[in-house]
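A short write-up of the structure that comes next.
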Amino acid sequence: MSDIMSYLFETKAIRFCEENKPFWYTSGKIGPYFINTHFVYGSQEDANSLLSFIDECLADKMTLPEKVFQKVLKQYNENEIYCNVIDFMKDYIVKNIDISEVDYISGGERRDWFFSNIIAYLLDKPHISIYKDLSAVVSDSKFEKTEKITNLENKKVLHIADLITVASSYIRAWIPAIKNIGGQMCWSCVVVDRMQGGKDKIEAEGVKAFSLVNVDNTMFETAYKNNIINEKQLQMLKKFFENPDETMKQFLIEHPDFIKNALHSDEKTAKRAKLLVDNNLYGLN
């Protein structure tokens, strides 16, 4: 098992559902696994603490990058898991991308900053912090100076992110934000690719995509061999990987009380179940 994959399991960054208890996703759909890549920051507690800190700092876009960088640098120096993940990512980038061609490293609000800031520092490249409103600021590699960007003059950018699913954030925000300031995003590197078409979408935009770990049958087999999941869970995961919507539709047909129970569950679960029902997400109505 690769070190990165073992850290994803160890920190519960990837969790597999119990038999017949798929997770509810924000979209209202359901699935057999859940990913919080940023937990490899060390733990769920550490990761949530940094997210809260970022939220507190968002009011001032000019001072945020340095404040966040100091947090991740401290964690990098003190937490073995996070340090190893970052070092692996840095080495992977150096091996797969000609670093001399990279002018800037970028990361988007918020979880990308768990990885992009420290990678920019280690590779000695200026860092572009992109906000959800598509505004951006640039910091030097040591985050000692941050300023507004006027024009990147067609300089090349490597975007670092925690996760890619269907690349909605890339298409809606990160790629346009770099274009808006006269740069070109040439590469993307993520910790985890959920293998749901995101790579193809950003490569169609001219961005070469790399990932440290892919969520696919190889990962599921590894989890099974390491007794993280059982045979029935493995089969569900494999079916889901091949055809997620059809697999979950069949599950709901075979477990008619699943939605009904969810609608009478806690507020968050009930809200997601209502989304499924109201939008007929699996064509069950």
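Following the order of the structure tokens, chains are lettered A, B, ..., residues in each are numbered from 1, and ligands are numbered from 1.
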Note to self: Using DSSP assignments from the backbone, pull out every residue in segment 7-123 of chain A that falls under alpha helix (DSSP H) and give it to me as a VMD selection string.
What the structure shows: chain A and resid 7 to 10 44 to 57 64 to 78 80 to 96 113 to 123
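Non-sequential neighbours of Met248 of chain A (distance at most 9 Å, separation of 6 or more positions within a chain, only C-alpha atoms) are Pro22, Lys29, Ile30, Gly31, Pro32, Phe240 and Tyr282 of chain A.
Using only C-alpha atoms, the residues found no farther than 7 Å from Ile128 of chain A, other than those of its own chain fewer than 4 positions away, are A:Tyr104, A:Ile105, A:Ser106, A:Gly107, A:Ala136, A:Val137, A:Val138, A:Ser139.
Compared by their closest atoms to Lys199 of chain A, and using only C-alpha atoms, the residues A:Ile164, A:Leu122, A:Leu51, A:Leu263 rank with A:Ile164 nearest.
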Margin query: Applying 12 Å and only C-alpha atoms, which residues near segment 204-208 of chain A remain after dropping the ones on its own chain fewer than 2 positions away? List them as a PyMOL selection string.
Written below: chain A and resi 93+96-97+156-160+167+170-172+174-176+178-179+184-190+197-202+210-211
Notebook entry, point to check: Restricting the calculation to only C-alpha atoms, which member of A:Asp193, A:Glu153, A:Glu267, A:Asp55 is positioned closest to Leu212 of chain A?
Noted result: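 Checking each candidate against Leu212 of chain A, we get A:Asp193 as the closest.
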Margin query: Can you measure atom CA of Lys239 of chain A to atom CA of Asn36 of chain A for me? One decimal in Å is fine.
Written below: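 Between atom CA of Lys239 of chain A and atom CA of Asn36 of chain A the gap is 21.8 Å.
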Next item on the list: Could you tell me how far atom CA of Asn84 of chain A lies from atom CA of Ser43 of chain A, in Å and to one decimal?
Entry: 13.7 Å
Check: Which residues, written as a list in words, have at least one atom at most 12 Å from Leu123 of chain A, with only C-alpha atoms counted and residues fewer than 6 positions away on the same chain left out?
Finding: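 The filter keeps Ile86, Asp87, Met89, Lys90, Asp91, Tyr92, Ile93, Val94, Ile97, Asp98, Ile99, Ser100, Val102, Asp103, Tyr104, Ile105, Ser116, Asn117, Asp140, Ser141, Lys142 and Leu158 of chain A.
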Resulting file, chosen residues, C-alpha atoms, as a JSON list (two decimals), in the first residue's frame:
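Saved result, out_32.json, follows:
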[["chain", "number", "residue", "atom", "x", "y", "z"],
["A", 86, "ILE", "CA", 3.68, 17.27, 1.45],
["A", 87, "ASP", "CA", 7.17, 15.92, 0.77],
["A", 89, "MET", "CA", 3.62, 15.71, -3.31],
["A", 90, "LYS", "CA", 6.62, 17.98, -3.82],
["A", 91, "ASP", "CA", 8.78, 15.10, -5.11],
["A", 92, "TYR", "CA", 5.94, 13.90, -7.36],
["A", 93, "ILE", "CA", 5.60, 17.38, -8.90],
["A", 94, "VAL", "CA", 9.36, 17.70, -9.47],
["A", 97, "ILE", "CA", 6.64, 18.67, -14.25],
["A", 98, "ASP", "CA", 9.55, 20.80, -15.43],
["A", 99, "ILE", "CA", 9.66, 23.17, -12.46],
["A", 100, "SER", "CA", 11.73, 25.71, -14.39],
["A", 102, "VAL", "CA", 6.37, 27.04, -13.54],
["A", 103, "ASP", "CA", 6.12, 30.77, -12.79],
["A", 104, "TYR", "CA", 3.44, 30.64, -10.08],
["A", 105, "ILE", "CA", 1.63, 28.14, -7.88],
["A", 116, "SER", "CA", -0.66, 24.92, -2.20],
["A", 117, "ASN", "CA", 0.93, 27.37, 0.27],
["A", 140, "ASP", "CA", 6.24, 35.75, -2.51],
["A", 141, "SER", "CA", 7.34, 32.18, -1.76],
["A", 142, "LYS", "CA", 8.00, 32.99, 1.92],
["A", 158, "LEU", "CA", 0.51, 25.20, -11.51]]
Do you know which residues are at most 8 Å from segment 214-226 of chain A counting only C-alpha atoms, after dropping those on the same chain fewer than 2 positions away, and could you put them as a CSV table (one decimal) with N, CA and C atoms, in the first residue's frame?
chain,number,residue,atom,x,y,z
A,1,MET,N,0.9,-1.2,0.0
A,1,MET,CA,0.0,0.0,0.0
A,1,MET,C,0.9,1.2,0.0
A,5,MET,N,-1.8,6.5,0.4
A,5,MET,CA,-3.1,5.8,0.6
A,5,MET,C,-3.2,5.4,2.1
A,192,VAL,N,-6.1,13.8,-4.3
A,192,VAL,CA,-7.0,12.7,-4.7
A,192,VAL,C,-7.8,13.0,-5.9
A,193,ASP,N,-7.9,12.1,-6.8
A,193,ASP,CA,-8.8,12.2,-8.0
A,193,ASP,C,-9.9,11.2,-7.8
A,194,ARG,N,-11.1,11.6,-7.7
A,194,ARG,CA,-12.3,10.7,-7.5
A,194,ARG,C,-12.7,10.0,-8.7
A,195,MET,N,-12.0,10.2,-9.8
A,195,MET,CA,-12.2,9.5,-11.1
A,195,MET,C,-13.6,9.6,-11.6
A,211,SER,N,-2.4,13.5,-10.3
A,211,SER,CA,-3.0,13.1,-8.9
A,211,SER,C,-2.1,12.1,-8.2
A,212,LEU,N,-2.0,12.2,-6.9
A,212,LEU,CA,-1.2,11.3,-6.1
A,212,LEU,C,-1.9,10.0,-5.9
A,228,ILE,N,-9.9,-3.3,5.9
A,228,ILE,CA,-10.6,-2.1,6.2
A,228,ILE,C,-12.0,-2.2,5.8
A,229,ILE,N,-12.3,-3.0,4.7
A,229,ILE,CA,-13.7,-3.3,4.3
A,229,ILE,C,-13.8,-4.8,4.1
A,230,ASN,N,-15.1,-5.3,4.1
A,230,ASN,CA,-15.3,-6.7,3.8
A,230,ASN,C,-15.7,-7.0,2.4
A,231,GLU,N,-16.0,-8.2,2.1
A,231,GLU,CA,-16.3,-8.6,0.7
A,231,GLU,C,-17.6,-7.9,0.1
A,234,LEU,N,-16.8,-4.4,-0.6
A,234,LEU,CA,-15.9,-4.3,-1.8
A,234,LEU,C,-16.8,-4.4,-3.1
A,237,LEU,N,-18.7,-1.2,-3.7
A,237,LEU,CA,-17.7,-0.1,-4.2
A,237,LEU,C,-17.4,-0.3,-5.6
A,238,LYS,N,-17.2,-1.6,-6.0
A,238,LYS,CA,-16.8,-1.8,-7.4
A,238,LYS,C,-18.0,-1.5,-8.4
A,241,PHE,N,-18.3,2.2,-8.7
A,241,PHE,CA,-17.3,2.8,-9.5
A,241,PHE,C,-17.6,2.7,-11.0
Note to self: What parts of segment 48-239 of chain A does DSSP call strand (DSSP E)? I'd like the answer as a ChimeraX atom specification.
What the structure shows: /A:104-108,127-130,136-139,146-148,156-164,184-193,208-214
Would you mind exporting the chosen residues as a compact mmCIF listing (two decimals), in the first residue's frame, restricted to N, CA and C atoms?
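The file below, part_20.txt, is the result:
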# COMPACT_ATOMS: atom_id res chain seq x y z
N TYR A 104 4.23 30.44 -11.31
CA TYR A 104 3.44 30.64 -10.08
C TYR A 104 2.78 29.33 -9.68
N ILE A 105 2.48 29.23 -8.38
CA ILE A 105 1.63 28.14 -7.88
C ILE A 105 0.37 28.79 -7.32
N SER A 106 -0.79 28.22 -7.64
CA SER A 106 -2.04 28.78 -7.15
C SER A 106 -2.81 27.75 -6.32
N GLY A 107 -3.70 28.27 -5.48
CA GLY A 107 -4.58 27.43 -4.68
C GLY A 107 -5.87 28.19 -4.42
N GLY A 108 -6.99 27.48 -4.41
CA GLY A 108 -8.30 28.14 -4.25
C GLY A 108 -8.88 27.97 -2.87
N HIS A 127 3.05 32.53 -4.79
CA HIS A 127 1.77 31.84 -4.62
C HIS A 127 0.59 32.77 -4.88
N ILE A 128 -0.34 32.29 -5.69
CA ILE A 128 -1.57 33.04 -5.96
C ILE A 128 -2.71 32.43 -5.14
N SER A 129 -3.28 33.23 -4.25
CA SER A 129 -4.45 32.79 -3.48
C SER A 129 -5.70 33.24 -4.22
N ILE A 130 -6.51 32.26 -4.65
CA ILE A 130 -7.74 32.58 -5.39
C ILE A 130 -8.94 32.44 -4.44
N ALA A 136 -8.04 37.55 -6.63
CA ALA A 136 -6.80 36.84 -6.32
C ALA A 136 -5.73 37.80 -5.85
N VAL A 137 -4.85 37.30 -4.98
CA VAL A 137 -3.69 38.07 -4.54
C VAL A 137 -2.45 37.19 -4.70
N VAL A 138 -1.30 37.82 -4.83
CA VAL A 138 -0.05 37.06 -5.00
C VAL A 138 0.90 37.34 -3.84
N SER A 139 1.52 36.27 -3.34
CA SER A 139 2.51 36.37 -2.26
C SER A 139 3.84 35.83 -2.76
N THR A 146 2.46 40.33 0.32
CA THR A 146 1.29 39.98 -0.49
C THR A 146 0.75 41.23 -1.15
N GLU A 147 0.41 41.14 -2.43
CA GLU A 147 -0.11 42.31 -3.14
C GLU A 147 -1.16 41.90 -4.16
N LYS A 148 -1.89 42.88 -4.62
CA LYS A 148 -2.90 42.62 -5.66
C LYS A 148 -2.19 42.36 -6.99
N LYS A 156 2.99 31.11 -16.60
CA LYS A 156 2.41 29.77 -16.44
C LYS A 156 2.19 29.42 -14.97
N VAL A 157 1.04 28.81 -14.71
CA VAL A 157 0.61 28.55 -13.33
C VAL A 157 0.35 27.05 -13.12
N LEU A 158 0.82 26.56 -11.99
CA LEU A 158 0.51 25.20 -11.51
C LEU A 158 -0.49 25.34 -10.37
N HIS A 159 -1.67 24.75 -10.53
CA HIS A 159 -2.70 24.82 -9.48
C HIS A 159 -2.62 23.56 -8.61
N ILE A 160 -2.60 23.77 -7.30
CA ILE A 160 -2.56 22.66 -6.34
C ILE A 160 -3.90 22.59 -5.62
N ALA A 161 -4.50 21.40 -5.56
CA ALA A 161 -5.80 21.24 -4.90
C ALA A 161 -5.84 19.97 -4.07
N ASP A 162 -6.80 19.91 -3.18
CA ASP A 162 -6.95 18.73 -2.33
C ASP A 162 -7.57 17.57 -3.11
N LEU A 163 -8.54 17.91 -3.99
CA LEU A 163 -9.41 16.87 -4.55
C LEU A 163 -9.98 17.34 -5.88
N ILE A 164 -10.16 16.40 -6.79
CA ILE A 164 -10.93 16.72 -8.01
C ILE A 164 -12.03 15.67 -8.17
N GLN A 184 -1.93 31.78 -17.52
CA GLN A 184 -2.48 30.53 -18.07
C GLN A 184 -2.19 29.37 -17.12
N MET A 185 -3.25 28.71 -16.71
CA MET A 185 -3.09 27.52 -15.87
C MET A 185 -2.67 26.37 -16.79
N CYS A 186 -1.45 25.88 -16.59
CA CYS A 186 -0.91 24.83 -17.46
C CYS A 186 -0.95 23.45 -16.82
N TRP A 187 -0.92 23.42 -15.47
CA TRP A 187 -0.88 22.13 -14.77
C TRP A 187 -1.78 22.18 -13.54
N SER A 188 -2.22 21.00 -13.15
CA SER A 188 -2.96 20.84 -11.89
C SER A 188 -2.42 19.59 -11.20
N CYS A 189 -2.23 19.67 -9.90
CA CYS A 189 -1.87 18.49 -9.12
C CYS A 189 -2.76 18.42 -7.89
N VAL A 190 -3.44 17.29 -7.72
CA VAL A 190 -4.32 17.10 -6.57
C VAL A 190 -3.85 15.89 -5.76
N VAL A 191 -4.25 15.87 -4.51
CA VAL A 191 -3.93 14.70 -3.67
C VAL A 191 -4.77 13.51 -4.13
N VAL A 192 -6.08 13.75 -4.32
CA VAL A 192 -7.00 12.66 -4.66
C VAL A 192 -7.84 13.01 -5.89
N ASP A 193 -7.89 12.09 -6.84
CA ASP A 193 -8.79 12.18 -7.98
C ASP A 193 -9.90 11.16 -7.78
N LYS A 208 -2.83 20.26 -17.89
CA LYS A 208 -2.33 18.90 -17.70
C LYS A 208 -2.57 18.49 -16.25
N ALA A 209 -3.27 17.36 -16.04
CA ALA A 209 -3.72 16.99 -14.70
C ALA A 209 -2.94 15.82 -14.11
N PHE A 210 -2.55 15.97 -12.84
CA PHE A 210 -1.84 14.93 -12.11
C PHE A 210 -2.53 14.70 -10.76
N SER A 211 -2.43 13.46 -10.26
CA SER A 211 -2.98 13.15 -8.93
C SER A 211 -2.08 12.14 -8.22
N LEU A 212 -2.02 12.23 -6.90
CA LEU A 212 -1.21 11.30 -6.12
C LEU A 212 -1.92 9.97 -5.94
N VAL A 213 -3.24 10.02 -5.77
CA VAL A 213 -4.04 8.82 -5.52
C VAL A 213 -5.33 8.88 -6.33
N ASN A 214 -5.71 7.77 -6.93
CA ASN A 214 -6.98 7.67 -7.64
C ASN A 214 -7.95 6.79 -6.85
